[in-house]
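What follows is one structure encoded as structure tokens, with my remarks underneath.
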Amino acid sequence: MTAPTPPTSALVRPFTVSIPDSEIDDVQQRLARTRWPDPETVGDWSQGVRVESARALVDYWERGYDWRRLESELNQYPQFLTEIDGLDIHFIHVRSKNPHAMPLILTHGWPGSIVEFLKLIGPLTDPVSFGGDAADSFDVVIPSLPGFGFSQKPTQTGWTVSRIASAWAELMKRLGYPRWAAQGGDWGAVVTTALGAMQPEGLLGIHLNTQYAFPAQMPDTLTPEQRHAVETLALYTGDLGGSNHLQRTKPETVGFALADSPAGQAAWIYEKFQSKTDNHGLAEDVLSRDDMLDAISLYWFTNSAASSGRIYWENASATLAGPKLTLPVAVTVFPKDIPRLPRSWIEDAYSNLIHYGEADKGGHFAALEQPEILVSEIRTGLRTLRS
């Protein structure tokens, strides 16, 4: 890859995470005063998060969790702010020591954040130190979506996925990258798909671990794999779609409910980790409490329950069909992702499919659940773009 032109220093400003001690004390005090709801009347998670499980997570947040650990981990990487389209965008930018590294922008979803990619940075930028090949090196750019994390919160409407994709193209241009690739899952995949549809100058191709490729019109006859996809779609929009529906219709009400209650914020996100990971009954089977509380704490300390939820409201008309793409697309299907699409629909939506991979384990939150598999799939999937 061509070495990037150094960005203009006036446009890109260094950033350091620093949450005041008073805010950490405040959240612990709020957690200690939690008023708990009555327990659920069923023996499973069908009514939502189980009180006993939430109590254990919140107790650890109050008494055992160390935010300064995450803060220190974030601050070991170069972080920046840059104003694009009137909004300050926060991002991590780690350059590989390999001058031929491929620039790659990684986009998270909800309830994701930049922290879900932390375990990918080392293997992607320095593959040799992790048993890989130097030829698979990447420069990584990891932005926080508008209204998420340390990115600025929009004060006006209009931040659709297309607008975010345009901002990402500007970000890569501003960082001096003439040729680059993009990757994402969940809303990050929606943004990455939008990038693929607009094909901005320099975009070589994309990798998706969530595919939005349902046919616009369902066929009358379905194969077993297609029927399974329809069933997982019904689950996604039905029993598992409560938080999505509320954020699509009433994100500010959600914000009111969560902005004053860290226990409520924890339960809101914990239930999503529980329902969409490849676990054996509990999210803790695949995610540590620290993993989950890193994500939850970032939402709490940035007070972004409402601003992050608006991505659903801003894109309420979006469908899971997605646009047809002609640029190079690599995909990885994780077995417990919801919804899970069949290969036939993926091949129909992406006419230039350069890689199709099926992981042997993992769910919707691939970067958190199975970072080693996702790293391998990104390397393999985007390898042909290097030539």
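Chain labels follow the order of the structure tokens: the first chain is A, the next B, and so on; residue numbering restarts at 1 in every chain, and ligands are counted from 1 in their shown order.
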
- Using only C-alpha atoms, which residues sit within 10 Å of region 93-103 of chain A once same-chain residues fewer than 2 positions away are excluded, as a PyMOL selection string? chain A and resi 1-4+77-80+90-91+105-106+121-122+124-127+134-143+172+175+177-182+203-204+382-383+385-386

- Task: May I have the residues within 12 Å of Ser297 (chain A) as an NGL selection string, using only C-alpha atoms and disregarding those fewer than 3 positions away in the same chain?
- Result: :A and (19 or 23-24 or 27-28 or 58 or 61-62 or 65-71 or 111-113 or 115 or 149 or 261-267 or 269-270 or 289-294 or 300-305)

With N, CA and C atoms kept, could you save the residues just selected as a compact mmCIF listing (two decimals), in the first residue's frame?
```txt
# COMPACT_ATOMS: atom_id res chain seq x y z
N ILE A 19 -11.62 10.12 33.02
CA ILE A 19 -12.87 10.28 33.76
C ILE A 19 -12.53 10.72 35.19
N GLU A 23 -16.78 11.12 39.25
CA GLU A 23 -17.77 10.37 38.49
C GLU A 23 -17.72 8.88 38.80
N ILE A 24 -16.52 8.39 39.07
CA ILE A 24 -16.40 6.98 39.46
C ILE A 24 -17.02 6.77 40.84
N VAL A 27 -20.91 6.79 40.44
CA VAL A 27 -21.55 5.59 39.92
C VAL A 27 -21.58 4.49 40.99
N GLN A 28 -20.54 4.39 41.79
CA GLN A 28 -20.54 3.39 42.86
C GLN A 28 -21.61 3.70 43.90
N VAL A 58 -24.10 -6.12 38.69
CA VAL A 58 -24.07 -4.79 39.30
C VAL A 58 -23.21 -4.80 40.56
N TRP A 61 -19.77 -4.57 39.44
CA TRP A 61 -19.48 -3.21 38.97
C TRP A 61 -19.19 -2.29 40.16
N GLU A 62 -19.97 -2.42 41.22
CA GLU A 62 -19.80 -1.56 42.39
C GLU A 62 -18.52 -1.88 43.16
N TYR A 65 -15.09 -4.01 39.82
CA TYR A 65 -14.69 -3.55 38.50
C TYR A 65 -13.75 -2.35 38.61
N ASP A 66 -12.75 -2.31 37.70
CA ASP A 66 -11.74 -1.24 37.72
C ASP A 66 -11.78 -0.48 36.40
N TRP A 67 -12.46 0.66 36.38
CA TRP A 67 -12.51 1.48 35.17
C TRP A 67 -11.12 1.97 34.76
N ARG A 68 -10.26 2.26 35.74
CA ARG A 68 -8.93 2.78 35.42
C ARG A 68 -8.13 1.78 34.59
N ARG A 69 -8.41 0.50 34.74
CA ARG A 69 -7.74 -0.51 33.91
C ARG A 69 -8.07 -0.28 32.44
N LEU A 70 -9.38 -0.12 32.14
CA LEU A 70 -9.78 0.11 30.76
C LEU A 70 -9.25 1.45 30.28
N GLU A 71 -9.34 2.47 31.11
CA GLU A 71 -8.86 3.79 30.73
C GLU A 71 -7.39 3.73 30.33
N PRO A 111 -25.05 -2.62 21.15
CA PRO A 111 -24.42 -1.76 22.14
C PRO A 111 -22.90 -1.89 22.16
N GLY A 112 -22.32 -1.84 20.98
CA GLY A 112 -20.88 -1.92 20.87
C GLY A 112 -20.20 -0.58 21.05
N SER A 113 -18.89 -0.59 20.89
CA SER A 113 -18.08 0.62 21.04
C SER A 113 -16.68 0.27 20.55
N VAL A 115 -14.24 -0.31 22.32
CA VAL A 115 -13.56 -1.27 23.19
C VAL A 115 -13.65 -2.69 22.65
N GLY A 149 -19.80 6.84 22.66
CA GLY A 149 -18.48 6.98 23.25
C GLY A 149 -18.05 8.43 23.36
N SER A 261 -29.73 5.92 35.99
CA SER A 261 -29.64 4.62 36.65
C SER A 261 -28.57 3.76 36.01
N PRO A 262 -27.41 3.66 36.64
CA PRO A 262 -26.38 2.78 36.08
C PRO A 262 -26.81 1.31 36.08
N ALA A 263 -27.59 0.90 37.08
CA ALA A 263 -28.08 -0.48 37.08
C ALA A 263 -29.01 -0.71 35.89
N GLY A 264 -29.83 0.30 35.58
CA GLY A 264 -30.70 0.19 34.41
C GLY A 264 -29.89 0.13 33.12
N GLN A 265 -28.84 0.96 33.02
CA GLN A 265 -27.97 0.92 31.85
C GLN A 265 -27.31 -0.44 31.71
N ALA A 266 -26.89 -1.00 32.83
CA ALA A 266 -26.26 -2.32 32.80
C ALA A 266 -27.22 -3.39 32.32
N ALA A 267 -28.44 -3.38 32.85
CA ALA A 267 -29.43 -4.39 32.46
C ALA A 267 -29.80 -4.27 30.99
N ILE A 269 -28.01 -3.31 28.45
CA ILE A 269 -26.98 -3.86 27.56
C ILE A 269 -26.73 -5.33 27.87
N TYR A 270 -26.76 -5.70 29.12
CA TYR A 270 -26.52 -7.09 29.52
C TYR A 270 -27.49 -8.04 28.84
N ARG A 289 -17.19 -10.61 32.88
CA ARG A 289 -17.90 -9.45 33.42
C ARG A 289 -17.15 -8.16 33.10
N ASP A 290 -15.82 -8.23 33.07
CA ASP A 290 -15.06 -7.05 32.68
C ASP A 290 -15.36 -6.66 31.24
N ASP A 291 -15.44 -7.65 30.34
CA ASP A 291 -15.78 -7.35 28.94
C ASP A 291 -17.10 -6.58 28.86
N MET A 292 -18.11 -7.08 29.56
CA MET A 292 -19.43 -6.46 29.49
C MET A 292 -19.43 -5.10 30.16
N LEU A 293 -18.77 -4.98 31.31
CA LEU A 293 -18.78 -3.72 32.04
C LEU A 293 -17.90 -2.67 31.39
N ASP A 294 -16.91 -3.08 30.61
CA ASP A 294 -16.17 -2.10 29.81
C ASP A 294 -17.12 -1.38 28.87
N TRP A 300 -22.17 4.60 30.18
CA TRP A 300 -22.57 5.37 31.35
C TRP A 300 -21.77 6.65 31.47
N PHE A 301 -20.44 6.57 31.43
CA PHE A 301 -19.61 7.75 31.67
C PHE A 301 -19.76 8.79 30.57
N THR A 302 -20.16 8.38 29.38
CA THR A 302 -20.38 9.36 28.30
C THR A 302 -21.84 9.76 28.20
N ASN A 303 -22.71 9.22 29.07
CA ASN A 303 -24.14 9.56 29.10
C ASN A 303 -24.74 9.49 27.69
N SER A 304 -24.53 8.36 27.03
CA SER A 304 -24.89 8.26 25.62
C SER A 304 -26.04 7.28 25.36
N ALA A 305 -26.85 6.98 26.36
CA ALA A 305 -27.98 6.08 26.14
C ALA A 305 -28.93 6.64 25.08
```

- Query: Hey, what's within 9 Å of Ala306 (chain A) if we count only C-alpha atoms and toss same-chain stuff fewer than 6 positions away? As a VMD selection string, please?
  - Reply: chain A and resid 147 247 251 to 256 258 to 259

- Item | Interatomic distance (Å, one decimal) between CA of Asn244 (chain A) and CA of Glu284 (chain A) | 22.4 Å

- Message: I want to know what sits within 8 Å of region 375-380 of chain A, based on only C-alpha atoms, with residues of the same chain fewer than 6 positions away left out; could you give that as a PyMOL selection string?
- Response: chain A and resi 120+123-124+136+207+332+355+357
